[in-house]
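Notes to accompany the following structure.
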Amino acid sequence: MTKFATYSVGKETLYGAVTEGGMIALSPVYREWPDLRTVIEAGALYDLAVAAQDKPVTHPNGTFEYQIPIPAPEKIICVGVNFPDRNAEYKDGQDAPPNMSLFIRFARSFTGHENPLIRPPETPQLDYEGEIAVVIGKGGRRISQADAYDHIAAITLCNEGTLRDWVRHAKFNVTQGKNWDHSGAMGPWLVPFTSPAQLDDVRLTTRVNGELRQDDRTSRMLFPIRRQIEYISTFTTLVPGDIIVTGTPTGAGARFDPPRFLRPGDVIEVEAEGIGKLVNTVADE
């Protein structure tokens, strides 16, 4: 299946098809669609796949830099505490809640594949959270679970990096710990969504410096992705290019004793079956 990525060459941002040898630039061919968000809005991922057939690589590996796949989504909505063991980590004696926890992230808080997560000088408590993200293709409001998958255009990976002490600065929100510039990552690419099997029971792992830290399956989510789309679209209209980050398994660094936060030079690999591997290092701001 053809994968698509947003990437930059010098000061120019492009999108194209991903191959083993590099990128096939497609944005110069489709100037009516300036980015992958507008491609998705036009329902044109299939057109890109056809256009890429038998085309030569225009930008070999090593000549470009990955960017987040959707450069300017209207909304990035993240689902918190969505695996059974994550719920147990809170040690509050509560069973799974009746409704999901949600928060918003801004696109500026993410960086692309193979770029460093940035640890700010204000705190050393940068943590990792490996997740699968879905990209909305067909907008809608009050979408039923039965129809939810019809509204997904593509899937990708997310390292939902978090500054742990800053999520505890206030009583009711985590926004300020989730939105530091380039504290998380998304990518490397978009995989077109064509089958429920791509999401229903997929293994998701996170490794830090080769050590397996997170390992679970999407079938164990407290709030499956169909339910996420139904619930979120009840209170807000989903539009093409919106991203839902679907939840992380247990095993983040904050849950170790003592905590194991990220340090400059660390390598984090988020991997999911059928999607690929998102790899990032860490650097100080």
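Residue numbers start at 1 in each chain; chains themselves are named A, B, ... in the order of the structure tokens; ligands are numbered from 1 in the order shown.
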
*Which polymer residues have any atom within 10 Å of an atom of Glu273 (chain A), counting only C-alpha atoms, with same-chain residues fewer than 3 positions away left out, as a ChimeraX atom specification?*
/A:198-199,201-205,217,276-277

Report task. Write out as a ChimeraX atom specification which residues come within 12 Å of region 135-146 of chain A when counting only C-alpha atoms, dropping same-chain ones fewer than 6 positions away. Result -> /A:36-45,69-70,73-77,152-158,186-187,189-194,196,223-246

Writer output for current selection, C-alpha atoms, as a PDB file, in the first residue's frame:
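Produced file selection_0.pdb, reproduced below:
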```pdb
ATOM      1  CA  LEU A  36      -1.993  16.488   2.404  1.00  0.00           C
ATOM      2  CA  ARG A  37      -4.870  18.022   4.320  1.00  0.00           C
ATOM      3  CA  THR A  38      -6.362  19.372   1.100  1.00  0.00           C
ATOM      4  CA  VAL A  39      -5.641  16.065  -0.636  1.00  0.00           C
ATOM      5  CA  ILE A  40      -7.674  14.299   2.052  1.00  0.00           C
ATOM      6  CA  GLU A  41     -10.436  16.897   1.844  1.00  0.00           C
ATOM      7  CA  ALA A  42     -10.659  16.169  -1.879  1.00  0.00           C
ATOM      8  CA  GLY A  43     -10.727  12.412  -1.243  1.00  0.00           C
ATOM      9  CA  ALA A  44      -7.692  12.101  -3.479  1.00  0.00           C
ATOM     10  CA  LEU A  45      -5.255   9.741  -1.727  1.00  0.00           C
ATOM     11  CA  PRO A  69       2.061  14.498   7.888  1.00  0.00           C
ATOM     12  CA  ILE A  70      -0.796  17.030   8.217  1.00  0.00           C
ATOM     13  CA  PRO A  73      -4.975  20.370  11.069  1.00  0.00           C
ATOM     14  CA  GLU A  74      -7.931  22.260  12.445  1.00  0.00           C
ATOM     15  CA  LYS A  75      -8.006  20.016  15.510  1.00  0.00           C
ATOM     16  CA  ILE A  76      -5.760  17.495  17.260  1.00  0.00           C
ATOM     17  CA  ILE A  77      -7.803  15.753  19.959  1.00  0.00           C
ATOM     18  CA  ILE A 152     -11.194   7.793   8.534  1.00  0.00           C
ATOM     19  CA  ALA A 153      -8.891   8.597   5.628  1.00  0.00           C
ATOM     20  CA  ALA A 154      -5.561   7.454   7.011  1.00  0.00           C
ATOM     21  CA  ILE A 155      -3.620   6.360  10.077  1.00  0.00           C
ATOM     22  CA  THR A 156      -0.229   7.308  11.460  1.00  0.00           C
ATOM     23  CA  LEU A 157       1.857   7.130  14.648  1.00  0.00           C
ATOM     24  CA  CYS A 158       2.352   9.574  17.473  1.00  0.00           C
ATOM     25  CA  MET A 186       3.953  12.419  14.545  1.00  0.00           C
ATOM     26  CA  GLY A 187       4.504  10.344  11.433  1.00  0.00           C
ATOM     27  CA  TRP A 189       3.763   8.963   7.035  1.00  0.00           C
ATOM     28  CA  LEU A 190       0.090   8.428   6.352  1.00  0.00           C
ATOM     29  CA  VAL A 191      -1.144   4.921   5.602  1.00  0.00           C
ATOM     30  CA  PRO A 192      -4.506   5.020   3.756  1.00  0.00           C
ATOM     31  CA  PHE A 193      -7.233   3.389   5.822  1.00  0.00           C
ATOM     32  CA  THR A 194      -9.053   0.686   3.862  1.00  0.00           C
ATOM     33  CA  PRO A 196     -11.066  -2.437   9.970  1.00  0.00           C
ATOM     34  CA  PHE A 223     -12.805   3.270  24.466  1.00  0.00           C
ATOM     35  CA  PRO A 224     -12.389   1.748  20.993  1.00  0.00           C
ATOM     36  CA  ILE A 225     -11.725   4.072  18.087  1.00  0.00           C
ATOM     37  CA  ARG A 226     -15.274   3.753  16.770  1.00  0.00           C
ATOM     38  CA  ARG A 227     -16.528   5.002  20.147  1.00  0.00           C
ATOM     39  CA  GLN A 228     -13.977   7.834  20.156  1.00  0.00           C
ATOM     40  CA  ILE A 229     -15.260   9.149  16.840  1.00  0.00           C
ATOM     41  CA  GLU A 230     -18.876   8.852  17.972  1.00  0.00           C
ATOM     42  CA  TYR A 231     -18.258  10.628  21.275  1.00  0.00           C
ATOM     43  CA  ILE A 232     -16.032  13.416  19.953  1.00  0.00           C
ATOM     44  CA  SER A 233     -18.323  14.170  17.014  1.00  0.00           C
ATOM     45  CA  THR A 234     -21.223  14.600  19.421  1.00  0.00           C
ATOM     46  CA  PHE A 235     -19.862  17.889  20.744  1.00  0.00           C
ATOM     47  CA  THR A 236     -17.738  19.135  17.824  1.00  0.00           C
ATOM     48  CA  THR A 237     -17.926  18.833  14.066  1.00  0.00           C
ATOM     49  CA  LEU A 238     -15.075  16.741  12.721  1.00  0.00           C
ATOM     50  CA  VAL A 239     -13.582  18.001   9.462  1.00  0.00           C
ATOM     51  CA  PRO A 240     -11.132  16.483   6.964  1.00  0.00           C
ATOM     52  CA  GLY A 241      -7.590  16.530   8.304  1.00  0.00           C
ATOM     53  CA  ASP A 242      -8.599  16.474  11.977  1.00  0.00           C
ATOM     54  CA  ILE A 243      -6.478  14.073  14.011  1.00  0.00           C
ATOM     55  CA  ILE A 244      -7.538  11.878  16.916  1.00  0.00           C
ATOM     56  CA  VAL A 245      -4.657  10.511  19.000  1.00  0.00           C
ATOM     57  CA  THR A 246      -6.182   7.355  20.398  1.00  0.00           C
TER      58      THR A 246
END
```

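We find CA of Tyr15 (chain A) and CA of Ser183 (chain A) to be spaced 23.0 Å apart.
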
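Every protein or nucleic acid residue with an atom no more than 9 Å from Pro121 (chain A), counting only C-alpha atoms and leaving out same-chain residues fewer than 2 positions away, appears here: Arg119, Thr123, Pro124, Asp284 and Glu285 of chain A.
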
For Phe103 (chain A), list every protein, DNA or RNA residue within 7 Å, evaluated using only C-alpha atoms, and leave out those in the same chain fewer than 6 positions away; present the list as a PDB file with N, CA, C and O atoms, in the first residue's frame.
```
ATOM      1  N   ILE A  77      -7.129  16.123  18.717  1.00  0.00           N
ATOM      2  CA  ILE A  77      -7.803  15.753  19.959  1.00  0.00           C
ATOM      3  C   ILE A  77      -7.202  14.445  20.459  1.00  0.00           C
ATOM      4  O   ILE A  77      -7.127  13.463  19.709  1.00  0.00           O
ATOM      5  N   CYS A  78      -6.771  14.434  21.704  1.00  0.00           N
ATOM      6  CA  CYS A  78      -6.088  13.282  22.271  1.00  0.00           C
ATOM      7  C   CYS A  78      -6.943  12.615  23.344  1.00  0.00           C
ATOM      8  O   CYS A  78      -7.599  13.293  24.134  1.00  0.00           O
ATOM      9  N   VAL A  79      -6.907  11.293  23.348  1.00  0.00           N
ATOM     10  CA  VAL A  79      -7.666  10.499  24.313  1.00  0.00           C
ATOM     11  C   VAL A  79      -6.710  10.024  25.401  1.00  0.00           C
ATOM     12  O   VAL A  79      -5.674   9.424  25.109  1.00  0.00           O
ATOM     13  N   THR A 175      -3.351  20.726  29.699  1.00  0.00           N
ATOM     14  CA  THR A 175      -2.970  21.409  28.457  1.00  0.00           C
ATOM     15  C   THR A 175      -1.537  21.920  28.485  1.00  0.00           C
ATOM     16  O   THR A 175      -0.779  21.744  27.523  1.00  0.00           O
TER      17      THR A 175
END
```

- Query: Which residues come within 12 Å of Val279 (chain A), counting only C-alpha atoms, excluding same-chain residues fewer than 4 positions away, as a PyMOL selection string?
  - Reply: chain A and resi 66+111-117+128+130+157-159+184-189+205-210+266-271

What does the file look like for those residues with C-alpha atoms, as a PDB file, in the first residue's frame?
```
ATOM      1  CA  TYR A  66      10.319  14.551   7.528  1.00  0.00           C
ATOM      2  CA  THR A 111       7.903  17.361  15.107  1.00  0.00           C
ATOM      3  CA  GLY A 112       8.517  14.857  12.322  1.00  0.00           C
ATOM      4  CA  HIS A 113      10.133  11.447  12.102  1.00  0.00           C
ATOM      5  CA  GLU A 114      13.886  11.357  12.781  1.00  0.00           C
ATOM      6  CA  ASN A 115      13.832  14.831  14.347  1.00  0.00           C
ATOM      7  CA  PRO A 116      14.579  15.375  18.048  1.00  0.00           C
ATOM      8  CA  LEU A 117      11.982  15.893  20.722  1.00  0.00           C
ATOM      9  CA  TYR A 128       7.108   9.483  25.985  1.00  0.00           C
ATOM     10  CA  GLY A 130       3.433   5.844  21.976  1.00  0.00           C
ATOM     11  CA  LEU A 157       1.857   7.130  14.648  1.00  0.00           C
ATOM     12  CA  CYS A 158       2.352   9.574  17.473  1.00  0.00           C
ATOM     13  CA  ASN A 159       4.817   9.999  20.319  1.00  0.00           C
ATOM     14  CA  GLY A 184       6.082  15.224  20.684  1.00  0.00           C
ATOM     15  CA  ALA A 185       6.303  13.657  17.245  1.00  0.00           C
ATOM     16  CA  MET A 186       3.953  12.419  14.545  1.00  0.00           C
ATOM     17  CA  GLY A 187       4.504  10.344  11.433  1.00  0.00           C
ATOM     18  CA  PRO A 188       6.504   9.156   9.653  1.00  0.00           C
ATOM     19  CA  TRP A 189       3.763   8.963   7.035  1.00  0.00           C
ATOM     20  CA  THR A 205       4.979  -0.815  21.176  1.00  0.00           C
ATOM     21  CA  THR A 206       7.387   1.845  22.398  1.00  0.00           C
ATOM     22  CA  ARG A 207      11.109   1.271  22.896  1.00  0.00           C
ATOM     23  CA  VAL A 208      13.615   3.609  24.519  1.00  0.00           C
ATOM     24  CA  ASN A 209      17.233   2.935  23.596  1.00  0.00           C
ATOM     25  CA  GLY A 210      16.135  -0.517  22.436  1.00  0.00           C
ATOM     26  CA  ASP A 266      17.858   8.919  23.921  1.00  0.00           C
ATOM     27  CA  VAL A 267      16.221   7.150  20.970  1.00  0.00           C
ATOM     28  CA  ILE A 268      12.472   6.480  21.106  1.00  0.00           C
ATOM     29  CA  GLU A 269      10.794   4.082  18.660  1.00  0.00           C
ATOM     30  CA  VAL A 270       7.007   3.878  18.426  1.00  0.00           C
ATOM     31  CA  GLU A 271       5.878   0.993  16.244  1.00  0.00           C
TER      32      GLU A 271
END
```

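The coordinates place CA of Gln67 (chain A) at 27.4 Å from CA of Arg260 (chain A).
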
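Taking CA of Phe83 (chain A) and CA of Gly247 (chain A) as the two end points, the separation is 7.3 Å.
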
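Considering only C-alpha atoms, the residue among A:Thr248, A:Arg263, A:Pro28, A:Thr58 positioned nearest to Leu222 (chain A) is A:Thr248.
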
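Selecting alpha helix (DSSP H) from the backbone DSSP output for region 65-234 of chain A yields Pro84, Asp85, Arg86, Asn87, Ala88, Glu89, Thr175, Gln176, Gly177, Lys178, Ile225, Arg226, Arg227, Gln228, Ile229, Glu230, Tyr231, Ile232, Ser233 and Thr234 of chain A.
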
Selection above as a file: N, CA, C and O atoms, as an mmCIF file, in the first residue's frame:
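Wrote again-v8.cif, looks like this:
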```cif
data_model
loop_
_atom_site.group_PDB
_atom_site.id
_atom_site.type_symbol
_atom_site.label_atom_id
_atom_site.label_comp_id
_atom_site.auth_asym_id
_atom_site.auth_seq_id
_atom_site.Cartn_x
_atom_site.Cartn_y
_atom_site.Cartn_z
ATOM 1 N N PRO A 84 -6.540 -0.575 30.010
ATOM 2 C CA PRO A 84 -6.848 -1.002 31.382
ATOM 3 C C PRO A 84 -5.716 -0.775 32.371
ATOM 4 O O PRO A 84 -5.943 -0.297 33.488
ATOM 5 N N ASP A 85 -4.490 -1.103 31.987
ATOM 6 C CA ASP A 85 -3.374 -0.946 32.916
ATOM 7 C C ASP A 85 -3.054 0.523 33.174
ATOM 8 O O ASP A 85 -2.537 0.872 34.233
ATOM 9 N N ARG A 86 -3.340 1.377 32.204
ATOM 10 C CA ARG A 86 -3.163 2.816 32.418
ATOM 11 C C ARG A 86 -4.153 3.308 33.461
ATOM 12 O O ARG A 86 -3.810 4.117 34.329
ATOM 13 N N ASN A 87 -5.389 2.818 33.403
ATOM 14 C CA ASN A 87 -6.378 3.211 34.394
ATOM 15 C C ASN A 87 -5.943 2.769 35.788
ATOM 16 O O ASN A 87 -6.067 3.506 36.766
ATOM 17 N N ALA A 88 -5.375 1.553 35.880
ATOM 18 C CA ALA A 88 -4.929 1.038 37.180
ATOM 19 C C ALA A 88 -3.758 1.833 37.736
ATOM 20 O O ALA A 88 -3.571 1.912 38.958
ATOM 21 N N GLU A 89 -2.953 2.452 36.859
ATOM 22 C CA GLU A 89 -1.798 3.239 37.313
ATOM 23 C C GLU A 89 -2.202 4.378 38.239
ATOM 24 O O GLU A 89 -1.408 4.817 39.069
ATOM 25 N N THR A 175 -3.351 20.726 29.699
ATOM 26 C CA THR A 175 -2.970 21.409 28.457
ATOM 27 C C THR A 175 -1.537 21.920 28.485
ATOM 28 O O THR A 175 -0.779 21.744 27.523
ATOM 29 N N GLN A 176 -1.132 22.541 29.572
ATOM 30 C CA GLN A 176 0.184 23.177 29.599
ATOM 31 C C GLN A 176 1.333 22.170 29.633
ATOM 32 O O GLN A 176 2.467 22.520 29.305
ATOM 33 N N GLY A 177 1.074 20.932 29.999
ATOM 34 C CA GLY A 177 2.112 19.913 29.944
ATOM 35 C C GLY A 177 2.166 19.156 28.635
ATOM 36 O O GLY A 177 3.071 18.348 28.417
ATOM 37 N N LYS A 178 1.215 19.441 27.756
ATOM 38 C CA LYS A 178 1.082 18.683 26.516
ATOM 39 C C LYS A 178 1.405 19.487 25.265
ATOM 40 O O LYS A 178 1.302 18.944 24.157
ATOM 41 N N ILE A 225 -11.803 2.911 18.972
ATOM 42 C CA ILE A 225 -11.725 4.072 18.087
ATOM 43 C C ILE A 225 -13.091 4.422 17.508
ATOM 44 O O ILE A 225 -13.417 5.604 17.338
ATOM 45 N N ARG A 226 -13.921 3.442 17.238
ATOM 46 C CA ARG A 226 -15.274 3.753 16.770
ATOM 47 C C ARG A 226 -16.014 4.614 17.805
ATOM 48 O O ARG A 226 -16.709 5.581 17.453
ATOM 49 N N ARG A 227 -15.872 4.250 19.076
ATOM 50 C CA ARG A 227 -16.528 5.002 20.147
ATOM 51 C C ARG A 227 -15.925 6.397 20.269
ATOM 52 O O ARG A 227 -16.632 7.380 20.529
ATOM 53 N N GLN A 228 -14.612 6.523 20.086
ATOM 54 C CA GLN A 228 -13.977 7.834 20.156
ATOM 55 C C GLN A 228 -14.580 8.786 19.126
ATOM 56 O O GLN A 228 -14.895 9.943 19.424
ATOM 57 N N ILE A 229 -14.717 8.303 17.900
ATOM 58 C CA ILE A 229 -15.260 9.149 16.840
ATOM 59 C C ILE A 229 -16.707 9.516 17.142
ATOM 60 O O ILE A 229 -17.123 10.670 16.958
ATOM 61 N N GLU A 230 -17.486 8.565 17.622
ATOM 62 C CA GLU A 230 -18.876 8.852 17.972
ATOM 63 C C GLU A 230 -18.954 9.916 19.061
ATOM 64 O O GLU A 230 -19.700 10.901 18.950
ATOM 65 N N TYR A 231 -18.182 9.729 20.119
ATOM 66 C CA TYR A 231 -18.258 10.628 21.275
ATOM 67 C C TYR A 231 -17.765 12.034 20.925
ATOM 68 O O TYR A 231 -18.424 13.043 21.221
ATOM 69 N N ILE A 232 -16.607 12.111 20.274
ATOM 70 C CA ILE A 232 -16.032 13.416 19.953
ATOM 71 C C ILE A 232 -16.928 14.181 18.984
ATOM 72 O O ILE A 232 -17.143 15.391 19.135
ATOM 73 N N SER A 233 -17.482 13.483 18.001
ATOM 74 C CA SER A 233 -18.323 14.170 17.014
ATOM 75 C C SER A 233 -19.674 14.575 17.575
ATOM 76 O O SER A 233 -20.422 15.304 16.912
ATOM 77 N N THR A 234 -19.988 14.147 18.789
ATOM 78 C CA THR A 234 -21.223 14.600 19.421
ATOM 79 C C THR A 234 -21.141 16.074 19.790
ATOM 80 O O THR A 234 -22.099 16.825 19.616
#
```

Exercise for review: Please identify all polymer residues within 6 Å of Ile24 (chain A), counting only C-alpha atoms, omitting same-chain residues fewer than 3 positions from it, and present them as a ChimeraX atom specification.
Suggested key: /A:16-17,57-58

Could you save those same residues with N, CA and C atoms as a short mmCIF file (atom, residue, chain, number, x, y, z; two decimals), in the first residue's frame?
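Result file is again.cif:
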```cif
data_model
loop_
_atom_site.label_atom_id
_atom_site.label_comp_id
_atom_site.auth_asym_id
_atom_site.auth_seq_id
_atom_site.Cartn_x
_atom_site.Cartn_y
_atom_site.Cartn_z
N GLY A 16 4.63 13.72 -0.87
CA GLY A 16 4.83 12.73 -1.91
C GLY A 16 4.66 11.32 -1.41
N ALA A 17 4.95 10.36 -2.29
CA ALA A 17 4.85 8.95 -1.97
C ALA A 17 6.19 8.46 -1.43
N VAL A 57 12.18 8.13 -8.02
CA VAL A 57 12.42 8.89 -6.80
C VAL A 57 12.96 10.26 -7.16
N THR A 58 12.37 11.30 -6.59
CA THR A 58 12.84 12.66 -6.84
C THR A 58 13.76 13.17 -5.72
#
```

* When DSSP works through the backbone of this structure, what residues of region 29-249 of chain A end up as strand (DSSP E or B), shown as a ChimeraX atom specification? -> /A:59-60,65-66,76-80,101-105,110-111,117-119,126-127,130-136,140,152-159,162-163,184-192,203-208,211-217,238,243-245
